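Visitor: Compact mmCIF, C-alpha atoms, file data_37.txt:
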```txt
# COMPACT_ATOMS: atom_id res chain seq x y z
CA MET A 1 -13.21 -60.43 -254.24
CA TYR A 2 -10.56 -58.08 -252.89
CA TYR A 3 -9.92 -58.56 -249.20
CA ILE A 4 -7.68 -57.42 -246.36
CA ASP A 5 -6.19 -59.69 -243.71
CA PRO A 6 -6.07 -57.50 -240.60
CA HIS A 7 -3.94 -59.91 -238.55
CA ILE A 8 -1.24 -62.03 -240.15
CA HIS A 9 2.42 -62.52 -239.25
CA MET A 10 4.11 -62.34 -242.60
CA VAL A 11 7.64 -62.30 -241.16
CA SER A 12 7.04 -65.99 -240.49
CA ARG A 13 5.75 -66.79 -243.99
CA THR A 14 7.59 -67.30 -247.27
CA THR A 15 7.16 -65.35 -250.46
CA ASP A 16 5.16 -68.31 -251.77
CA ASP A 17 2.47 -67.20 -249.32
CA TYR A 18 2.58 -63.60 -250.59
CA GLU A 19 2.13 -64.92 -254.11
CA THR A 20 -0.81 -67.10 -253.04
CA LEU A 21 -2.43 -64.23 -251.12
CA ALA A 22 -2.09 -61.93 -254.12
CA LYS A 23 -3.66 -64.50 -256.40
CA MET A 24 -6.56 -64.90 -253.97
CA GLY A 25 -7.35 -61.19 -253.98
CA CYS A 26 -5.54 -59.99 -250.87
CA VAL A 27 -4.71 -56.32 -251.34
CA ALA A 28 -3.44 -55.49 -247.86
CA VAL A 29 -2.18 -57.14 -244.70
CA SER A 30 -1.87 -55.80 -241.18
CA GLU A 31 0.89 -57.42 -239.14
CA PRO A 32 1.00 -57.06 -235.35
CA ALA A 33 4.26 -57.48 -233.46
CA PHE A 34 4.32 -60.92 -231.84
CA TRP A 35 6.32 -63.66 -230.18
CA ALA A 36 9.23 -65.01 -232.22
CA GLY A 37 8.82 -68.57 -230.97
CA TYR A 38 11.34 -67.93 -228.21
CA ASP A 39 11.81 -65.15 -225.67
CA ARG A 40 14.01 -62.41 -227.04
CA GLY A 41 17.00 -61.58 -224.87
CA SER A 42 17.11 -57.80 -225.11
CA ALA A 43 15.41 -54.62 -226.19
CA GLY A 44 17.89 -54.59 -229.06
CA GLY A 45 16.21 -57.71 -230.39
CA PHE A 46 12.92 -55.85 -230.47
CA ARG A 47 14.53 -52.83 -232.14
CA ASP A 48 15.74 -55.08 -234.96
CA TYR A 49 12.31 -56.70 -235.19
CA PHE A 50 10.55 -53.34 -235.41
CA GLU A 51 13.00 -52.34 -238.13
CA GLN A 52 12.10 -55.51 -240.03
CA LEU A 53 8.37 -54.88 -239.63
CA THR A 54 8.50 -51.25 -240.74
CA SER A 55 11.17 -51.36 -243.48
CA PHE A 56 11.77 -54.76 -244.98
CA GLU A 57 8.40 -56.49 -244.75
CA PRO A 58 6.48 -53.73 -246.60
CA LYS A 59 8.93 -54.10 -249.48
CA ARG A 60 8.48 -57.85 -249.56
CA ALA A 61 4.69 -57.38 -249.67
CA ALA A 62 4.88 -54.67 -252.32
CA ALA A 63 6.66 -57.06 -254.69
CA TYR A 64 3.31 -58.91 -254.85
CA GLY A 65 1.12 -55.82 -255.01
CA ILE A 66 0.10 -56.12 -251.37
CA GLN A 67 0.08 -53.10 -249.07
CA HIS A 68 1.62 -53.87 -245.67
CA TYR A 69 0.83 -52.26 -242.33
CA THR A 70 2.18 -53.04 -238.92
CA TRP A 71 1.70 -52.66 -235.17
CA LEU A 72 4.26 -52.34 -232.40
CA CYS A 73 4.48 -53.73 -228.87
CA ILE A 74 6.05 -56.38 -226.71
CA ASN A 75 3.73 -59.39 -226.91
CA ALA A 76 1.88 -60.92 -223.98
CA LYS A 77 4.17 -63.96 -223.64
CA GLU A 78 7.28 -61.85 -223.21
CA ALA A 79 5.42 -59.32 -221.06
CA GLU A 80 6.10 -61.59 -218.10
CA ASN A 81 9.51 -59.86 -218.09
CA VAL A 82 8.43 -56.45 -216.84
CA ALA A 83 11.88 -54.85 -216.94
CA LEU A 84 12.41 -55.82 -220.58
CA SER A 85 8.85 -54.79 -221.40
CA ARG A 86 9.44 -51.29 -220.04
CA GLU A 87 12.57 -50.93 -222.18
CA VAL A 88 10.62 -51.96 -225.27
CA ILE A 89 7.64 -49.71 -224.49
CA ALA A 90 10.04 -46.79 -224.08
CA MET A 91 11.45 -47.56 -227.54
CA ILE A 92 8.12 -47.82 -229.39
CA PRO A 93 7.72 -44.04 -229.97
CA ASP A 94 10.93 -44.13 -232.07
CA PHE A 95 9.00 -46.15 -234.65
CA LEU A 96 5.44 -44.88 -234.33
CA GLU A 97 5.65 -42.25 -237.05
CA ARG A 98 7.03 -44.62 -239.69
CA PRO A 99 4.78 -45.11 -242.71
CA GLY A 100 2.46 -48.07 -242.32
CA VAL A 101 2.45 -48.17 -238.54
CA LEU A 102 -1.17 -48.43 -237.40
CA GLY A 103 -0.75 -48.39 -233.63
CA ILE A 104 0.00 -50.49 -230.57
CA GLY A 105 -0.45 -54.24 -230.90
CA GLU A 106 -0.85 -57.06 -230.45
CA ILE A 107 -0.90 -56.38 -226.73
CA GLY A 108 -2.90 -58.57 -224.40
CA LEU A 109 -2.70 -61.40 -221.91
CA ASN A 110 -1.32 -64.92 -222.23
CA LYS A 111 -1.67 -66.76 -218.89
CA ASN A 112 -3.46 -63.85 -217.21
CA THR A 113 -0.71 -63.06 -214.73
CA SER A 114 -0.03 -59.97 -212.66
CA ASN A 115 3.03 -59.03 -214.75
CA GLU A 116 1.13 -59.42 -218.01
CA ALA A 117 -1.65 -57.18 -216.72
CA THR A 118 0.86 -54.59 -215.53
CA VAL A 119 2.54 -54.44 -218.94
CA PHE A 120 -0.83 -54.35 -220.69
CA LEU A 121 -1.80 -51.28 -218.68
CA GLU A 122 1.50 -49.59 -219.54
CA HIS A 123 0.96 -50.26 -223.26
CA MET A 124 -2.55 -48.90 -222.88
CA GLU A 125 -1.18 -45.77 -221.25
CA LEU A 126 1.22 -45.27 -224.18
CA ALA A 127 -1.59 -45.75 -226.68
CA VAL A 128 -3.77 -43.20 -224.92
CA GLU A 129 -0.95 -40.66 -224.58
CA THR A 130 0.03 -40.97 -228.26
CA ASP A 131 -3.57 -41.31 -229.50
CA GLU A 132 -2.91 -44.65 -231.20
CA LEU A 133 -5.19 -47.47 -232.25
CA MET A 134 -4.93 -50.69 -230.22
CA LEU A 135 -5.02 -54.28 -231.44
CA ILE A 136 -5.48 -56.74 -228.60
CA HIS A 137 -4.64 -60.44 -228.34
CA THR A 138 -6.92 -62.50 -226.11
CA PRO A 139 -5.48 -65.70 -224.59
CA HIS A 140 -5.81 -69.17 -226.01
CA LEU A 141 -8.11 -72.01 -225.04
CA GLU A 142 -8.96 -72.31 -221.35
CA ASP A 143 -7.47 -68.87 -220.60
CA LYS A 144 -9.50 -66.96 -223.17
CA TYR A 145 -12.71 -66.23 -221.26
CA GLN A 146 -10.98 -65.16 -218.05
CA GLY A 147 -8.36 -63.14 -219.94
CA THR A 148 -10.88 -61.41 -222.18
CA ARG A 149 -12.94 -60.33 -219.16
CA MET A 150 -9.78 -59.01 -217.50
CA ILE A 151 -8.79 -57.11 -220.64
CA LEU A 152 -12.24 -55.57 -220.92
CA ASP A 153 -12.07 -54.56 -217.26
CA MET A 154 -8.80 -52.73 -217.90
CA LEU A 155 -10.03 -51.05 -221.10
CA CYS A 156 -13.41 -50.07 -219.69
CA GLY A 157 -11.78 -48.88 -216.48
CA ASP A 158 -10.08 -46.04 -218.34
CA SER A 159 -12.49 -43.41 -219.65
CA ARG A 160 -9.80 -42.05 -222.00
CA VAL A 161 -9.95 -45.21 -224.14
CA ASP A 162 -11.99 -44.66 -227.29
CA ARG A 163 -13.62 -48.06 -227.77
CA GLN A 164 -14.16 -47.45 -231.49
CA ARG A 165 -10.37 -47.36 -231.87
CA VAL A 166 -9.71 -50.73 -230.25
CA VAL A 167 -10.03 -54.20 -231.78
CA VAL A 168 -10.19 -57.16 -229.40
CA ASP A 169 -8.99 -60.09 -231.44
CA HIS A 170 -9.40 -63.85 -231.40
CA VAL A 171 -12.97 -63.66 -230.10
CA GLU A 172 -14.98 -66.87 -229.97
CA GLU A 173 -18.51 -67.86 -229.03
CA HIS A 174 -18.07 -67.17 -225.31
CA THR A 175 -16.32 -63.83 -225.62
CA ILE A 176 -17.73 -62.07 -228.68
CA ARG A 177 -20.85 -60.76 -227.00
CA ASN A 178 -18.92 -59.15 -224.14
CA VAL A 179 -16.58 -57.43 -226.61
CA LEU A 180 -19.30 -56.10 -228.92
CA ASP A 181 -21.62 -55.06 -226.10
CA GLU A 182 -18.86 -52.89 -224.64
CA GLY A 183 -18.49 -51.10 -227.99
CA PHE A 184 -15.16 -52.53 -229.17
CA TRP A 185 -14.34 -53.99 -232.56
CA ALA A 186 -14.06 -57.78 -232.53
CA GLY A 187 -11.70 -59.91 -234.60
CA MET A 188 -12.41 -63.57 -235.37
CA THR A 189 -9.29 -65.61 -236.05
CA LEU A 190 -9.55 -68.60 -238.36
CA TYR A 191 -6.77 -70.78 -236.97
CA PRO A 192 -6.71 -74.56 -236.61
CA VAL A 193 -7.43 -76.27 -233.31
CA SER A 194 -6.88 -73.42 -230.88
CA LYS A 195 -9.20 -70.82 -232.39
CA CYS A 196 -12.13 -70.49 -234.78
CA THR A 197 -13.17 -72.05 -238.10
CA PRO A 198 -14.63 -70.30 -241.15
CA ALA A 199 -17.98 -71.97 -240.42
CA ARG A 200 -18.10 -70.81 -236.81
CA ALA A 201 -17.06 -67.32 -237.87
CA ALA A 202 -19.90 -67.30 -240.40
CA ASP A 203 -22.23 -68.40 -237.58
CA MET A 204 -21.12 -65.43 -235.49
CA VAL A 205 -21.68 -63.00 -238.37
CA GLU A 206 -25.18 -64.44 -238.71
CA MET A 207 -25.84 -64.10 -234.98
CA TYR A 208 -24.30 -60.68 -234.36
CA GLY A 209 -24.30 -58.94 -237.73
CA ALA A 210 -21.32 -57.45 -239.54
CA GLU A 211 -21.04 -54.27 -237.50
CA GLN A 212 -17.49 -53.88 -236.12
CA LEU A 213 -16.52 -57.45 -236.98
CA LEU A 214 -13.27 -58.49 -238.66
CA VAL A 215 -11.94 -61.89 -239.76
CA ASN A 216 -8.28 -62.81 -240.01
CA SER A 217 -5.96 -65.76 -240.42
CA ALA A 218 -3.30 -64.86 -237.82
CA GLY A 219 -1.01 -66.92 -240.07
CA ASP A 220 2.26 -67.46 -238.26
CA TRP A 221 5.13 -69.90 -237.92
CA GLY A 222 2.85 -72.65 -236.57
CA PRO A 223 0.38 -74.79 -238.54
CA SER A 224 -1.92 -72.11 -239.90
CA LYS A 225 -3.59 -71.17 -243.13
CA PRO A 226 -2.82 -67.72 -244.52
CA THR A 227 -5.68 -68.18 -246.97
CA ALA A 228 -8.25 -68.57 -244.18
CA VAL A 229 -10.04 -65.35 -245.07
CA PRO A 230 -10.87 -66.62 -248.60
CA ASP A 231 -12.12 -69.80 -246.89
CA PHE A 232 -14.52 -67.60 -244.90
CA VAL A 233 -15.61 -65.88 -248.12
CA LEU A 234 -16.43 -69.26 -249.67
CA GLU A 235 -18.33 -70.41 -246.58
CA MET A 236 -20.45 -67.27 -246.61
CA ARG A 237 -21.19 -67.70 -250.33
CA ARG A 238 -22.05 -71.37 -249.75
CA ARG A 239 -24.68 -70.24 -247.27
CA GLY A 240 -26.15 -67.85 -249.81
CA HIS A 241 -24.95 -64.60 -248.29
CA GLY A 242 -24.62 -61.64 -250.66
CA GLU A 243 -21.38 -60.18 -251.89
CA SER A 244 -22.05 -56.86 -250.17
CA LEU A 245 -22.22 -58.48 -246.72
CA ILE A 246 -19.08 -60.52 -247.33
CA ARG A 247 -17.22 -57.53 -248.74
CA ARG A 248 -18.23 -55.53 -245.70
CA VAL A 249 -16.56 -57.99 -243.33
CA VAL A 250 -13.40 -58.76 -245.32
CA TYR A 251 -12.69 -55.39 -246.98
CA GLU A 252 -14.74 -52.41 -245.83
CA ASN A 253 -14.58 -53.11 -242.09
CA PRO A 254 -10.77 -53.37 -241.94
CA LEU A 255 -10.52 -50.16 -243.94
CA ALA A 256 -12.99 -48.39 -241.67
CA PHE A 257 -11.01 -49.41 -238.62
CA PHE A 258 -7.56 -48.56 -240.05
CA GLU A 259 -8.69 -45.21 -241.47
CA GLN A 260 -8.87 -43.98 -237.90
CA CYS A 261 -5.06 -43.99 -237.86
CA ARG A 262 -3.72 -40.60 -238.99
CA ARG A 263 -0.84 -42.29 -240.84
CA PHE A 264 -3.00 -44.74 -242.78
CA VAL A 265 -2.53 -44.42 -246.53
CA PHE A 266 -4.22 -46.97 -248.77
CA THR A 267 -4.47 -47.20 -252.54
CA PRO A 268 -7.68 -49.01 -253.48
CA PRO A 269 -7.10 -51.74 -256.06
CA ASP A 270 -9.22 -50.09 -258.74
CA VAL A 271 -7.21 -46.88 -258.38
CA ALA A 272 -3.99 -48.88 -258.54
CA GLU A 273 -5.23 -50.57 -261.71
CA ARG A 274 -6.06 -47.25 -263.37
CA ALA A 275 -2.66 -45.88 -262.41
CA GLY A 276 -0.97 -48.94 -263.89
CA VAL A 277 0.61 -49.78 -260.53
CA MET B 1 -44.05 -80.69 -253.48
CA THR B 2 -42.78 -81.08 -249.93
CA ARG B 3 -41.45 -77.84 -248.48
CA THR B 4 -38.35 -78.29 -246.35
CA SER B 5 -37.82 -76.00 -243.38
CA PRO B 6 -34.72 -73.80 -243.20
CA GLY B 7 -33.48 -76.10 -240.42
CA ASP B 8 -33.88 -79.13 -242.68
CA GLN B 9 -31.97 -77.29 -245.40
CA VAL B 10 -29.07 -76.63 -243.03
CA LEU B 11 -29.14 -80.28 -241.97
CA ASP B 12 -29.05 -81.32 -245.63
CA GLN B 13 -25.95 -79.20 -246.14
CA GLU B 14 -24.21 -80.12 -242.90
CA PHE B 15 -25.14 -83.77 -242.42
CA LEU B 16 -22.09 -85.38 -243.99
CA PRO B 17 -19.53 -83.05 -242.33
CA LEU B 18 -21.37 -83.50 -239.01
CA ARG B 19 -21.30 -87.26 -239.43
CA ALA B 20 -17.57 -87.11 -240.15
CA LYS B 21 -16.90 -84.98 -237.05
CA LEU B 22 -18.91 -87.35 -234.83
CA LEU B 23 -16.96 -90.30 -236.20
CA GLU B 24 -13.74 -88.45 -235.45
CA ILE B 25 -14.84 -88.00 -231.84
CA ALA B 26 -15.90 -91.63 -231.56
CA ALA B 27 -12.66 -92.89 -233.09
CA THR B 28 -10.61 -90.72 -230.73
CA LEU B 29 -12.47 -92.00 -227.69
CA ASP B 30 -11.97 -95.57 -228.95
CA ARG B 31 -8.26 -94.87 -229.38
CA ILE B 32 -8.03 -93.77 -225.75
CA GLU B 33 -9.84 -96.94 -224.63
CA ARG B 34 -7.59 -99.20 -226.68
CA ALA B 35 -4.62 -97.54 -225.02
CA GLY B 36 -6.01 -98.52 -221.62
CA GLY B 37 -8.34 -95.65 -220.98
CA ALA B 38 -7.69 -92.33 -219.32
CA SER B 39 -7.58 -91.88 -215.57
CA ASP B 40 -10.95 -91.10 -214.02
CA GLU B 41 -9.11 -88.52 -211.90
CA ASP B 42 -8.19 -86.55 -215.01
CA ILE B 43 -10.59 -83.61 -214.97
CA ARG B 44 -10.45 -83.46 -218.75
CA VAL B 45 -12.33 -86.76 -218.90
CA GLU B 46 -15.18 -85.20 -216.90
CA PHE B 47 -15.12 -82.10 -219.13
CA ILE B 48 -15.41 -84.31 -222.21
CA ARG B 49 -18.36 -86.17 -220.69
CA GLN B 50 -20.08 -82.90 -219.82
CA ALA B 51 -19.40 -81.52 -223.30
CA ILE B 52 -20.96 -84.57 -224.92
CA SER B 53 -23.98 -84.23 -222.61
CA THR B 54 -24.27 -80.59 -223.66
CA LEU B 55 -24.55 -81.65 -227.27
CA LEU B 56 -27.76 -83.49 -226.46
CA ARG B 57 -29.51 -80.41 -225.07
CA PRO B 58 -32.07 -78.74 -227.35
CA ASP B 59 -30.37 -75.35 -227.00
CA ASP B 60 -29.04 -72.93 -229.59
CA ASP B 61 -25.94 -71.87 -227.67
CA ARG B 62 -24.21 -75.20 -227.14
CA ALA B 63 -20.95 -73.96 -228.68
CA GLU B 64 -20.84 -71.15 -226.12
CA GLN B 65 -21.74 -73.55 -223.30
CA ILE B 66 -18.92 -75.91 -224.25
CA GLN B 67 -16.47 -73.01 -224.57
CA LEU B 68 -17.31 -71.93 -221.03
CA LEU B 69 -17.07 -75.52 -219.80
CA PHE B 70 -13.46 -75.64 -220.97
CA SER B 71 -12.62 -72.17 -219.62
CA ARG B 72 -10.94 -71.02 -216.45
CA PRO B 73 -13.42 -69.08 -214.33
CA TYR B 74 -13.41 -65.29 -214.20
CA ASP B 75 -12.89 -63.66 -210.80
CA ASP B 76 -14.25 -60.14 -210.61
CA GLU B 77 -11.87 -59.48 -207.69
CA TRP B 78 -8.82 -60.16 -209.90
CA GLN B 79 -7.55 -56.58 -209.88
CA LYS B 80 -7.35 -56.54 -206.09
CA LYS B 81 -5.43 -59.83 -206.15
CA LEU B 82 -3.11 -59.26 -209.12
CA LEU B 83 -2.67 -55.51 -209.34
CA ASP B 84 -3.01 -54.63 -205.68
CA VAL B 85 -5.68 -52.02 -206.38
CA SER B 86 -9.05 -51.47 -204.79
CA SER B 87 -11.90 -52.08 -207.19
```
Kindly transcribe the structure held in the file into structure tokens.
Guide:
Amino acid sequence: MYYIDPHIHMVSRTTDDYETLAKMGCVAVSEPAFWAGYDRGSAGGFRDYFEQLTSFEPKRAAAYGIQHYTWLCINAKEAENVALSREVIAMIPDFLERPGVLGIGEIGLNKNTSNEATVFLEHMELAVETDELMLIHTPHLEDKYQGTRMILDMLCGDSRVDRQRVVVDHVEEHTIRNVLDEGFWAGMTLYPVSKCTPARAADMVEMYGAEQLLVNSAGDWGPSKPTAVPDFVLEMRRRGHGESLIRRVVYENPLAFFEQCRRFVFTPPDVAERAGV
Amino acid sequence: MTRTSPGDQVLDQEFLPLRAKLLEIAATLDRIERAGGASDEDIRVEFIRQAISTLLRPDDDRAEQIQLLFSRPYDDEWQKKLLDVSS
């Protein structure tokens, strides 16, 4: 089954992973801007990173037949530095019109601080002014419930935000209902220990339906499994769910969300095959 | 022929993985005891006890209950406190 991973950090993965993803049926990846594992020292560091995301990484993906899309922001961890964040936010428009850029992300909260919330609101303002999609990171572990509620307060507090054009990611059992009830898209991240499993994600599809739900691996430089979405596919099949439901979650839903971006260009795999690409 | 309920069918599928996960929990708790036990003042010990108690409830939202148990509380006055705005 062809699938799309709507949240995976391929800059932190080797080409072995691209090869594996291609073999497993991945036809596209969407890569949000994130933390490098350390706090970057300058806006120049982010400029170089955005260059890597928008120029080099799509070429690396294309070598394996995978279409690559990206998002731009300063991540929630580094948002504690408000001065640096404002420099980076001011720079984002320089990259927004590059091919493959889907919008602003992954913005969010980390420890739910005042500075993080301030920077989140300023990213949100940029996204509204430039009419961009938003991809939102919710905090880990004990911070997730509080942070998700705070994020929803900020999003719902601005009537200009089109909730259909926002995905709130890393939802789990105690946050998914709030996100879906407010009309946002919800992403379930299949990541060891700190987030969800394929089985629990399948449970949530069964409980809430497939409407506006995405699954992703959020594969990054830590212990993570970039093939987590195929694991979800297998779990759903094991439970007897039909191919159309599974395809909806792992292929059609990401496309439906991304198609709202005016720059989104996607070549379906069957078209690519016919064209000999 | 005996008809099994859908719940029994799920149990049939999940029994061995569930057994393995319970053993993992038991072995981890034993490991802590062999190391001298954790401090009773450590709030995480109380959370673990409450989580295990939650498992014994006949509810269908125990995963959500345990998630909330391990979560920092939400304060609906947070914007006044962190962003210096009136709600």
Visitor: Considering all atoms listed in the file, state which residue in the set A:Met154, A:Leu21, A:Leu190, A:Val166 is at the smallest distance from chain B.
Guide: A:Met154
Visitor: Nearest residue to A:Asp16 out of A:Arg60, A:Arg200, A:His137, A:His174, using only C-alpha atoms?
Guide: A:Arg60
Visitor: Expressed in Å to a single decimal, how great is the separation between atom CA of A:Gly209 and atom CA of A:Leu245?
Guide: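 Straight-line distance from atom CA of A:Gly209 to atom CA of A:Leu245 works out to 9.2 Å.
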Visitor: Could you list, as number ranges by chain, every residue within 12 Å of A:Ile107, counting only C-alpha atoms and ignoring same-chain residues fewer than 6 positions away?
Guide: A: 32-35, 71-79, 85, 89, 116-127, 133-139, 151, 155, 166-169
Visitor: Just to be explicit: take each residue in the selection above, keep C-alpha atoms, and write the result as a tab-separated table (two decimals), in the coordinates of the input.
Guide:
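Writing done, so here's again_35.tsv:
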```tsv
chain	number	residue	atom	x	y	z
A	32	PRO	CA	1.00	-57.06	-235.35
A	33	ALA	CA	4.26	-57.48	-233.46
A	34	PHE	CA	4.32	-60.92	-231.84
A	35	TRP	CA	6.32	-63.66	-230.18
A	71	TRP	CA	1.70	-52.66	-235.17
A	72	LEU	CA	4.26	-52.34	-232.40
A	73	CYS	CA	4.48	-53.73	-228.87
A	74	ILE	CA	6.05	-56.38	-226.71
A	75	ASN	CA	3.73	-59.39	-226.91
A	76	ALA	CA	1.88	-60.92	-223.98
A	77	LYS	CA	4.17	-63.96	-223.64
A	78	GLU	CA	7.28	-61.85	-223.21
A	79	ALA	CA	5.42	-59.32	-221.06
A	85	SER	CA	8.85	-54.79	-221.40
A	89	ILE	CA	7.64	-49.71	-224.49
A	116	GLU	CA	1.13	-59.42	-218.01
A	117	ALA	CA	-1.65	-57.18	-216.72
A	118	THR	CA	0.86	-54.59	-215.53
A	119	VAL	CA	2.54	-54.44	-218.94
A	120	PHE	CA	-0.83	-54.35	-220.69
A	121	LEU	CA	-1.80	-51.28	-218.68
A	122	GLU	CA	1.50	-49.59	-219.54
A	123	HIS	CA	0.96	-50.26	-223.26
A	124	MET	CA	-2.55	-48.90	-222.88
A	125	GLU	CA	-1.18	-45.77	-221.25
A	126	LEU	CA	1.22	-45.27	-224.18
A	127	ALA	CA	-1.59	-45.75	-226.68
A	133	LEU	CA	-5.19	-47.47	-232.25
A	134	MET	CA	-4.93	-50.69	-230.22
A	135	LEU	CA	-5.02	-54.28	-231.44
A	136	ILE	CA	-5.48	-56.74	-228.60
A	137	HIS	CA	-4.64	-60.44	-228.34
A	138	THR	CA	-6.92	-62.50	-226.11
A	139	PRO	CA	-5.48	-65.70	-224.59
A	151	ILE	CA	-8.79	-57.11	-220.64
A	155	LEU	CA	-10.03	-51.05	-221.10
A	166	VAL	CA	-9.71	-50.73	-230.25
A	167	VAL	CA	-10.03	-54.20	-231.78
A	168	VAL	CA	-10.19	-57.16	-229.40
A	169	ASP	CA	-8.99	-60.09	-231.44
```
Visitor: How far is it from atom CA of B:Leu56 to atom CA of B:Ser5, in Å with one decimal?
Guide: 21.1 Å
